[in-house]
$ cat target_38.cif   # mmCIF, C-alpha atoms
data_my_file
loop_
_atom_site.label_atom_id
_atom_site.label_comp_id
_atom_site.auth_asym_id
_atom_site.auth_seq_id
_atom_site.Cartn_x
_atom_site.Cartn_y
_atom_site.Cartn_z
CA MET A 1 94.70 110.41 93.70
CA GLN A 2 93.21 113.75 92.63
CA VAL A 3 91.70 112.40 89.43
CA HIS A 4 88.70 113.99 87.72
CA ASP A 5 87.40 111.85 84.87
CA ASP A 6 83.66 112.49 85.06
CA GLU A 7 83.09 111.64 81.38
CA LEU A 8 85.44 108.61 81.51
CA ARG A 9 87.63 109.93 78.70
CA ILE A 10 90.81 108.92 80.56
CA PHE A 11 89.34 105.51 81.34
CA GLU A 12 88.29 104.98 77.72
CA ALA A 13 91.78 105.77 76.47
CA ASN A 14 93.96 104.18 79.14
CA GLY A 15 91.87 102.31 81.70
CA ALA A 16 92.31 103.01 85.41
CA ALA A 17 95.73 103.60 86.95
CA PRO A 18 97.96 100.51 86.50
CA LEU A 19 98.01 98.12 89.43
CA PRO A 20 101.30 98.04 91.36
CA ASP A 21 103.77 95.23 90.80
CA THR A 22 103.34 92.22 93.07
CA ASP A 23 104.52 88.63 93.32
CA ASP A 24 101.43 87.63 95.31
CA GLN A 25 98.99 86.54 92.64
CA GLY A 26 97.64 83.30 91.32
CA TYR A 27 94.57 81.17 90.64
CA VAL A 28 92.20 79.17 92.81
CA GLU A 29 90.39 76.23 91.23
CA HIS A 30 86.76 76.31 92.33
CA GLU A 31 83.47 74.97 91.03
CA GLY A 32 84.62 74.48 87.45
CA ALA A 33 86.51 77.78 87.18
CA ARG A 34 89.99 79.19 87.70
CA ILE A 35 89.59 82.34 89.80
CA TRP A 36 92.41 84.88 89.52
CA TYR A 37 93.47 86.95 92.52
CA THR A 38 96.25 89.29 93.59
CA THR A 39 97.13 91.00 96.87
CA TYR A 40 99.06 94.09 97.93
CA GLY A 41 100.39 95.25 101.27
CA PHE A 42 99.92 93.97 104.80
CA GLY A 43 97.47 94.51 107.61
CA SER A 44 93.75 93.82 107.81
CA PRO A 45 92.44 92.46 104.48
CA VAL A 46 90.03 94.37 102.28
CA ILE A 47 88.61 92.51 99.28
CA LEU A 48 87.72 94.68 96.28
CA LEU A 49 85.01 93.25 94.00
CA HIS A 50 84.60 94.93 90.62
CA GLY A 51 81.47 95.50 88.57
CA GLY A 52 79.90 93.52 85.76
CA LEU A 53 81.95 93.26 82.53
CA GLY A 54 84.97 94.77 84.30
CA HIS A 55 87.98 93.31 86.08
CA SER A 56 90.24 93.94 89.06
CA GLY A 57 92.33 96.50 87.20
CA ASN A 58 89.40 98.90 87.49
CA TRP A 59 90.49 99.40 91.14
CA GLY A 60 93.88 100.80 90.15
CA TYR A 61 93.30 104.14 91.88
CA GLN A 62 92.19 102.59 95.16
CA VAL A 63 94.91 99.98 95.79
CA PRO A 64 97.80 102.36 96.65
CA GLU A 65 95.56 104.32 99.01
CA LEU A 66 94.48 101.20 100.87
CA VAL A 67 98.06 99.95 101.19
CA LYS A 68 99.21 103.37 102.41
CA SER A 69 96.45 103.28 105.03
CA GLY A 70 97.69 99.97 106.42
CA TYR A 71 95.37 97.49 104.73
CA ARG A 72 96.05 94.40 102.68
CA ALA A 73 94.20 94.91 99.40
CA VAL A 74 92.90 91.69 97.85
CA LEU A 75 91.60 91.83 94.27
CA ILE A 76 89.60 89.07 92.59
CA ASP A 77 88.48 88.77 88.97
CA SER A 78 84.92 87.45 89.12
CA ARG A 79 84.38 84.18 87.28
CA GLY A 80 84.31 84.72 83.52
CA HIS A 81 85.69 88.25 83.95
CA GLY A 82 89.26 89.42 83.41
CA ARG A 83 91.68 86.53 83.82
CA SER A 84 89.20 84.21 85.53
CA THR A 85 87.52 81.41 83.61
CA ARG A 86 84.01 79.99 83.93
CA ASP A 87 82.15 76.78 83.21
CA THR A 88 78.86 76.43 81.37
CA ARG A 89 76.65 77.34 84.32
CA PRO A 90 74.77 80.65 84.25
CA PHE A 91 76.30 83.52 86.19
CA SER A 92 74.93 84.02 89.69
CA TYR A 93 75.89 86.26 92.59
CA GLU A 94 75.77 83.36 95.02
CA LEU A 95 78.19 81.35 92.88
CA MET A 96 80.56 84.32 92.64
CA ALA A 97 80.30 84.80 96.41
CA SER A 98 81.38 81.19 96.85
CA ASP A 99 84.38 81.92 94.62
CA VAL A 100 85.37 84.76 96.93
CA LEU A 101 85.15 82.43 99.91
CA ALA A 102 87.37 79.93 98.08
CA VAL A 103 90.01 82.62 97.53
CA MET A 104 89.78 83.65 101.19
CA ASP A 105 90.32 80.02 102.20
CA ALA A 106 93.33 79.71 99.88
CA LEU A 107 94.84 82.88 101.37
CA HIS A 108 93.98 81.79 104.94
CA LEU A 109 91.82 84.86 105.48
CA GLU A 110 89.41 84.17 108.31
CA ARG A 111 87.61 87.51 107.87
CA ALA A 112 87.85 90.49 105.54
CA GLY A 113 86.23 93.81 104.77
CA LEU A 114 84.32 93.71 101.49
CA VAL A 115 84.12 96.61 99.04
CA GLY A 116 81.72 95.91 96.19
CA TRP A 117 80.97 98.02 93.15
CA SER A 118 77.82 97.26 91.12
CA ASP A 119 77.73 93.47 90.55
CA GLY A 120 80.57 93.22 93.04
CA ALA A 121 78.33 94.84 95.65
CA CYS A 122 75.69 92.15 95.16
CA THR A 123 78.38 89.49 95.44
CA ALA A 124 79.69 91.05 98.66
CA LEU A 125 76.26 91.22 100.29
CA ALA A 126 75.43 87.67 99.16
CA LEU A 127 78.63 86.51 100.86
CA ALA A 128 77.80 88.42 104.05
CA ALA A 129 74.30 86.89 104.08
CA LYS A 130 75.65 83.37 103.55
CA ALA A 131 78.75 83.52 105.74
CA PRO A 132 78.53 86.49 108.14
CA ALA A 133 81.45 85.22 110.22
CA ARG A 134 83.75 85.83 107.24
CA ALA A 135 82.76 89.47 106.58
CA VAL A 136 84.00 92.30 108.81
CA GLY A 137 81.73 94.72 106.95
CA VAL A 138 80.30 95.46 103.49
CA PHE A 139 80.75 98.73 101.59
CA PHE A 140 77.91 98.29 99.08
CA PHE A 141 78.17 100.72 96.18
CA ALA A 142 75.78 101.16 93.26
CA CYS A 143 73.63 98.07 93.00
CA ASN A 144 70.15 96.71 93.61
CA MET A 145 69.06 93.72 95.66
CA ASP A 146 65.78 93.11 93.82
CA PRO A 147 64.57 94.02 90.32
CA SER A 148 62.45 96.96 91.48
CA GLY A 149 65.58 98.99 92.22
CA VAL A 150 66.73 99.39 88.61
CA LYS A 151 66.09 102.49 86.52
CA PRO A 152 65.10 102.18 82.83
CA PHE A 153 68.27 101.99 80.75
CA GLU A 154 69.35 105.12 78.88
CA ALA A 155 72.46 105.08 76.70
CA THR A 156 74.90 107.96 77.19
CA PRO A 157 78.36 108.79 75.80
CA THR A 158 79.85 108.03 79.24
CA LEU A 159 78.32 104.55 79.26
CA ASP A 160 79.54 103.96 75.71
CA ARG A 161 83.09 104.89 76.73
CA CYS A 162 82.99 102.50 79.67
CA PHE A 163 81.61 99.68 77.53
CA GLY A 164 84.29 100.27 74.91
CA ARG A 165 87.03 100.02 77.53
CA HIS A 166 85.53 96.80 78.90
CA ALA A 167 85.52 95.28 75.39
CA LYS A 168 89.21 96.11 74.89
CA ASP A 169 90.19 94.75 78.31
CA TYR A 170 88.21 91.54 77.78
CA ALA A 171 90.00 90.92 74.48
CA GLN A 172 93.35 91.43 76.19
CA LEU A 173 92.80 89.49 79.42
CA SER A 174 90.25 86.75 78.80
CA THR A 175 91.04 83.15 77.88
CA THR A 176 88.12 83.43 75.42
CA PRO A 177 88.87 86.81 73.82
CA ALA A 178 86.47 86.37 70.90
CA ASP A 179 83.44 85.70 73.11
CA PHE A 180 82.72 89.20 74.42
CA LYS A 181 79.24 89.36 72.86
CA ASP A 182 78.15 86.08 74.50
CA PHE A 183 79.77 87.20 77.76
CA VAL A 184 77.76 90.43 77.77
CA GLU A 185 74.52 88.54 77.07
CA ASP A 186 75.16 86.09 79.90
CA VAL A 187 76.06 88.78 82.44
CA SER A 188 73.06 90.86 81.33
CA LEU A 189 70.75 87.89 81.93
CA MET A 190 72.02 87.64 85.50
CA GLN A 191 71.54 91.36 86.04
CA ARG A 192 67.95 91.26 84.73
CA THR A 193 66.88 88.31 86.88
CA GLN A 194 69.05 88.58 90.01
CA PRO A 195 69.33 89.26 92.87
CA ASN A 196 65.88 89.03 94.41
CA TYR A 197 66.25 89.54 98.17
CA SER A 198 63.10 90.28 100.16
CA ALA A 199 62.93 92.68 103.09
CA HIS A 200 62.87 89.57 105.29
CA ASP A 201 66.14 88.37 103.70
CA LEU A 202 67.78 91.76 104.17
CA ALA A 203 66.70 91.92 107.82
CA LYS A 204 68.78 88.80 108.51
CA ILE A 205 72.06 90.45 107.46
CA SER A 206 74.08 90.85 110.62
CA VAL A 207 77.34 92.54 109.58
CA PRO A 208 78.01 96.31 109.35
CA VAL A 209 76.87 97.62 105.96
CA ALA A 210 77.17 100.96 104.20
CA ILE A 211 74.74 101.50 101.31
CA VAL A 212 76.45 104.00 99.03
CA GLN A 213 74.61 105.89 96.28
CA SER A 214 75.98 108.45 93.85
CA GLU A 215 74.26 111.76 93.21
CA HIS A 216 74.08 111.07 89.45
CA GLU A 217 73.64 107.28 89.55
CA GLU A 218 72.56 105.99 86.12
CA PHE A 219 71.24 102.54 87.02
CA ILE A 220 69.96 102.33 90.61
CA LYS A 221 67.02 104.27 92.04
CA ARG A 222 67.87 106.38 95.07
CA GLU A 223 64.71 105.24 96.84
CA HIS A 224 65.87 101.65 96.45
CA ALA A 225 69.22 102.45 98.06
CA GLU A 226 67.39 104.19 100.91
CA TYR A 227 65.15 101.13 101.29
CA LEU A 228 68.20 98.86 101.54
CA ALA A 229 69.69 101.06 104.24
CA GLN A 230 66.42 100.88 106.19
CA ALA A 231 65.89 97.14 105.70
CA ILE A 232 69.40 96.03 106.74
CA PRO A 233 69.79 96.35 110.52
CA GLY A 234 72.12 99.20 111.48
CA ALA A 235 73.09 100.01 107.89
CA GLU A 236 74.39 103.46 106.99
CA PHE A 237 73.27 105.45 103.94
CA ILE A 238 75.99 107.46 102.21
CA VAL A 239 75.62 109.75 99.19
CA LEU A 240 78.60 110.58 96.96
CA SER A 241 78.19 114.03 95.43
CA ALA A 242 79.05 115.07 91.87
CA VAL A 243 79.67 111.52 90.60
CA SER A 244 77.72 108.66 89.03
CA HIS A 245 77.81 104.85 88.85
CA PHE A 246 81.48 105.18 87.91
CA ALA A 247 82.66 107.07 90.99
CA PRO A 248 85.73 104.82 91.58
CA LEU A 249 87.03 106.05 88.22
CA GLN A 250 85.61 109.57 88.13
CA ARG A 251 86.77 110.95 91.49
CA PRO A 252 88.56 108.13 93.32
CA SER A 253 89.40 110.16 96.42
CA ASN A 254 85.70 110.71 97.22
CA LEU A 255 85.02 107.00 97.43
CA MET A 256 88.11 106.24 99.51
CA LEU A 257 87.35 108.98 102.03
CA GLN A 258 83.92 107.48 102.64
CA TYR A 259 85.29 103.95 102.89
CA SER A 260 87.98 105.03 105.34
CA SER A 261 85.36 106.62 107.58
CA PHE A 262 83.12 103.55 107.43
CA SER A 263 85.88 100.98 107.94
CA ALA A 264 87.45 102.85 110.86
CA LYS A 265 84.42 101.95 112.96
CA PHE A 266 85.04 98.22 112.79
CA TYR A 267 88.79 98.17 112.13
CA ARG A 268 89.76 100.69 114.82
CA GLY A 269 92.52 99.18 116.92
CA ASN A 270 92.41 96.00 114.85
CA LEU A 271 94.94 96.65 112.08
CA THR A 272 97.60 93.99 111.91
CA THR A 273 100.98 94.04 110.24
CA GLY A 274 103.66 91.48 109.55
CA ARG A 275 104.00 88.47 107.32
CA ARG A 276 101.14 87.27 105.21
CA PRO A 277 99.44 84.17 106.59
#

$ encode --input "target_38.cif" --output "structure tokens"
Amino acid sequence: MQVHDDELRIFEANGAAPLPDTDDQGYVEHEGARIWYTTYGFGSPVILLHGGLGHSGNWGYQVPELVKSGYRAVLIDSRGHGRSTRDTRPFSYELMASDVLAVMDALHLERAGLVGWSDGACTALALAAKAPARAVGVFFFACNMDPSGVKPFEATPTLDRCFGRHAKDYAQLSTTPADFKDFVEDVSLMQRTQPNYSAHDLAKISVPVAIVQSEHEEFIKREHAEYLAQAIPGAEFIVLSAVSHFAPLQRPSNLMLQYSSFSAKFYRGNLTTGRRP
């Protein structure tokens, strides 16, 4: 997994590494949507939640590493993203967190580790706040939990490459391939207005959390990430060097090394193998 794609040229041309073949995939009907999921491997489950406008295939570099390390990787396309559908309701992180819980129920997963990237990080923390008994821990990468944490937007060639790849993937995967413009507007509205957790809300979170910030993060203020780590009881603060908001694509091994270190603390001696439930 020694990939260096700091400018996202590989991602723009080809996407992330292809996901492995699997027969364990399907849809869960929930709250007016069909939520697509797939799983790989055995052992303790780790749910990977992608960022806004993306899809589960963006985790292509991470899945083989998780399986090799003895985890069961569970990927979910957020509602309206990738292969998942949506109804007419506005996007919300709480609604997407409920979708994740529905997939966990369908797969008979009592608890799971949660790895969230950007919008997926908000979804993961919203789930942990709502249903702490279902979350072993949250690896929260590159997102804000209130509007004050967002930097002013500045377009860059790297962002343009990522956006272009998302547009191509949406046209290929979505059940509404011609609606990308409306999709972007609806997701952007959610991102501008949500989430809005207070320090009091954050102080109630009771699961292990790592707040992960990249050295060259384009969207989230470092001081906001530090605030989250201070406000959430017992949270760790981790900085990824030499990468940006797109670390899972730029230098995948850096992210996985940090996750392995974090997860070992609550998974140590608790890995399971055998048949899927």

$ resolve_selection --input "target_38.cif" --expression "the PyMOL selection byres ((chain A and resi 110) around 10)" --output "PDB file with C-alpha atoms, keeping the file's coordinate frame"
ATOM      1  CA  PRO A  45      92.440  92.460 104.480  1.00  0.00           C
ATOM      2  CA  LEU A 101      85.150  82.430  99.910  1.00  0.00           C
ATOM      3  CA  MET A 104      89.780  83.650 101.190  1.00  0.00           C
ATOM      4  CA  ASP A 105      90.320  80.020 102.200  1.00  0.00           C
ATOM      5  CA  LEU A 107      94.840  82.880 101.370  1.00  0.00           C
ATOM      6  CA  HIS A 108      93.980  81.790 104.940  1.00  0.00           C
ATOM      7  CA  LEU A 109      91.820  84.860 105.480  1.00  0.00           C
ATOM      8  CA  ARG A 111      87.610  87.510 107.870  1.00  0.00           C
ATOM      9  CA  ALA A 112      87.850  90.490 105.540  1.00  0.00           C
ATOM     10  CA  ALA A 133      81.450  85.220 110.220  1.00  0.00           C
ATOM     11  CA  ARG A 134      83.750  85.830 107.240  1.00  0.00           C
ATOM     12  CA  ALA A 135      82.760  89.470 106.580  1.00  0.00           C
ATOM     13  CA  VAL A 136      84.000  92.300 108.810  1.00  0.00           C
TER      14      VAL A 136
END

$ resolve_selection --input "target_38.cif" --expression "the PyMOL selection byres ((chain A and resi 46) around 10)" --output "list in words"
Thr39, Gly43, Ser44, Pro45, Ile47, Leu48, Leu49, Val63, Leu66, Val67, Tyr71, Arg72, Ala73, Val74, Leu75, Arg111, Ala112, Gly113, Leu114, Val115, Ala135, Val136, Gly137, Val138 and Ser263 of chain A

$ closest_residue --input "target_38.cif" --among "A:Leu228, A:Leu173, A:Glu185, A:Gly149" --to "Pro90 of chain A" --atoms "only C-alpha atoms"
A:Glu185

$ residues_near_point --input "target_38.cif" --point "(87.6, 76.5, 91.2)" --cutoff "10 Å" --atoms "only C-alpha atoms" --output "list in words"
Tyr27, Val28, Glu29, His30, Glu31, Gly32, Ala33, Arg34, Ile35, Trp36, Arg79, Ser84, Thr85, Arg86, Asp87, Ser98, Asp99, Ala102 and Val103 of chain A

$ atom_distance --input "target_38.cif" --atom1 "atom CA of Asp146 of chain A" --atom2 "atom CA of Tyr197 of chain A"
5.6 Å

$ resolve_selection --input "target_38.cif" --expression "the PyMOL selection byres ((chain A and resi 202-219) around 8)" --output "PDB file with C-alpha atoms, keeping the file's coordinate frame"
ATOM      1  CA  ALA A 128      77.800  88.420 104.050  1.00  0.00           C
ATOM      2  CA  ALA A 129      74.300  86.890 104.080  1.00  0.00           C
ATOM      3  CA  PRO A 132      78.530  86.490 108.140  1.00  0.00           C
ATOM      4  CA  ALA A 135      82.760  89.470 106.580  1.00  0.00           C
ATOM      5  CA  VAL A 136      84.000  92.300 108.810  1.00  0.00           C
ATOM      6  CA  GLY A 137      81.730  94.720 106.950  1.00  0.00           C
ATOM      7  CA  VAL A 138      80.300  95.460 103.490  1.00  0.00           C
ATOM      8  CA  PHE A 139      80.750  98.730 101.590  1.00  0.00           C
ATOM      9  CA  PHE A 140      77.910  98.290  99.080  1.00  0.00           C
ATOM     10  CA  PHE A 141      78.170 100.720  96.180  1.00  0.00           C
ATOM     11  CA  ALA A 142      75.780 101.160  93.260  1.00  0.00           C
ATOM     12  CA  CYS A 143      73.630  98.070  93.000  1.00  0.00           C
ATOM     13  CA  VAL A 150      66.730  99.390  88.610  1.00  0.00           C
ATOM     14  CA  LYS A 151      66.090 102.490  86.520  1.00  0.00           C
ATOM     15  CA  PRO A 152      65.100 102.180  82.830  1.00  0.00           C
ATOM     16  CA  PHE A 153      68.270 101.990  80.750  1.00  0.00           C
ATOM     17  CA  GLU A 154      69.350 105.120  78.880  1.00  0.00           C
ATOM     18  CA  TYR A 197      66.250  89.540  98.170  1.00  0.00           C
ATOM     19  CA  SER A 198      63.100  90.280 100.160  1.00  0.00           C
ATOM     20  CA  ALA A 199      62.930  92.680 103.090  1.00  0.00           C
ATOM     21  CA  HIS A 200      62.870  89.570 105.290  1.00  0.00           C
ATOM     22  CA  ASP A 201      66.140  88.370 103.700  1.00  0.00           C
ATOM     23  CA  ILE A 220      69.960 102.330  90.610  1.00  0.00           C
ATOM     24  CA  LYS A 221      67.020 104.270  92.040  1.00  0.00           C
ATOM     25  CA  ARG A 222      67.870 106.380  95.070  1.00  0.00           C
ATOM     26  CA  ALA A 225      69.220 102.450  98.060  1.00  0.00           C
ATOM     27  CA  GLU A 226      67.390 104.190 100.910  1.00  0.00           C
ATOM     28  CA  LEU A 228      68.200  98.860 101.540  1.00  0.00           C
ATOM     29  CA  ALA A 229      69.690 101.060 104.240  1.00  0.00           C
ATOM     30  CA  ALA A 231      65.890  97.140 105.700  1.00  0.00           C
ATOM     31  CA  ILE A 232      69.400  96.030 106.740  1.00  0.00           C
ATOM     32  CA  PRO A 233      69.790  96.350 110.520  1.00  0.00           C
ATOM     33  CA  GLY A 234      72.120  99.200 111.480  1.00  0.00           C
ATOM     34  CA  ALA A 235      73.090 100.010 107.890  1.00  0.00           C
ATOM     35  CA  GLU A 236      74.390 103.460 106.990  1.00  0.00           C
ATOM     36  CA  PHE A 237      73.270 105.450 103.940  1.00  0.00           C
ATOM     37  CA  ILE A 238      75.990 107.460 102.210  1.00  0.00           C
ATOM     38  CA  VAL A 239      75.620 109.750  99.190  1.00  0.00           C
ATOM     39  CA  LEU A 240      78.600 110.580  96.960  1.00  0.00           C
ATOM     40  CA  SER A 241      78.190 114.030  95.430  1.00  0.00           C
ATOM     41  CA  ALA A 242      79.050 115.070  91.870  1.00  0.00           C
ATOM     42  CA  VAL A 243      79.670 111.520  90.600  1.00  0.00           C
ATOM     43  CA  SER A 244      77.720 108.660  89.030  1.00  0.00           C
ATOM     44  CA  HIS A 245      77.810 104.850  88.850  1.00  0.00           C
ATOM     45  CA  ALA A 247      82.660 107.070  90.990  1.00  0.00           C
ATOM     46  CA  PHE A 262      83.120 103.550 107.430  1.00  0.00           C
TER      47      PHE A 262
END

$ closest_residue --input "target_38.cif" --among "A:Thr88, A:Ser56, A:Gln191, A:Ser69" --to "Ser118 of chain A" --atoms "all atoms listed in the file"
A:Gln191

$ residues_around --input "target_38.cif" --residues "Pro252 of chain A" --least-positions-apart "2" --cutoff "7 Å" --atoms "all atoms listed in the file" --output "ChimeraX atom specification"
/A:1,3,61-62,247-250,254-256

$ write_last_selection --input "target_38.cif" --atoms "C-alpha atoms" --output "PDB file, keeping the file's coordinate frame"
ATOM      1  CA  MET A   1      94.700 110.410  93.700  1.00  0.00           C
ATOM      2  CA  VAL A   3      91.700 112.400  89.430  1.00  0.00           C
ATOM      3  CA  TYR A  61      93.300 104.140  91.880  1.00  0.00           C
ATOM      4  CA  GLN A  62      92.190 102.590  95.160  1.00  0.00           C
ATOM      5  CA  ALA A 247      82.660 107.070  90.990  1.00  0.00           C
ATOM      6  CA  PRO A 248      85.730 104.820  91.580  1.00  0.00           C
ATOM      7  CA  LEU A 249      87.030 106.050  88.220  1.00  0.00           C
ATOM      8  CA  GLN A 250      85.610 109.570  88.130  1.00  0.00           C
ATOM      9  CA  ASN A 254      85.700 110.710  97.220  1.00  0.00           C
ATOM     10  CA  LEU A 255      85.020 107.000  97.430  1.00  0.00           C
ATOM     11  CA  MET A 256      88.110 106.240  99.510  1.00  0.00           C
TER      12      MET A 256
END

$ closest_residue --input "target_38.cif" --among "A:His224, A:Arg251, A:Lys181, A:Lys68" --to "Phe11 of chain A" --atoms "all atoms listed in the file"
A:Arg251

$ closest_residue --input "target_38.cif" --among "A:Gly51, A:Pro20, A:Gly82, A:Gly15" --to "Cys122 of chain A" --atoms "only C-alpha atoms"
A:Gly51

$ atom_distance --input "target_38.cif" --atom1 "atom CA of Asn196 of chain A" --atom2 "atom CA of Asn144 of chain A"
8.8 Å

$ atom_distance --input "target_38.cif" --atom1 "atom CA of Asp24 of chain A" --atom2 "atom CA of Ala131 of chain A"
25.3 Å

$ closest_residue --input "target_38.cif" --among "A:Ala13, A:Leu19, A:Ala124, A:Leu8" --to "His50 of chain A" --atoms "only C-alpha atoms"
A:Ala124

$ closest_residue --input "target_38.cif" --among "A:Thr22, A:Phe42, A:Arg9, A:His81" --to "Gln172 of chain A" --atoms "all atoms listed in the file"
A:His81

$ axis_aligned_box --input "target_38.cif" --around "segment 86-98 of chain A" --padding-each-side "6 Å" --output "JSON"
{"center_x": 79.4, "center_y": 81.3, "center_z": 89.1, "size_x": 21.2, "size_y": 21.8, "size_z": 27.5}

$ residues_near_point --input "target_38.cif" --point "(80.4, 106.4, 81.4)" --cutoff "7 Å" --atoms "all atoms listed in the file" --output "ChimeraX atom specification"
/A:7-8,157-162,246
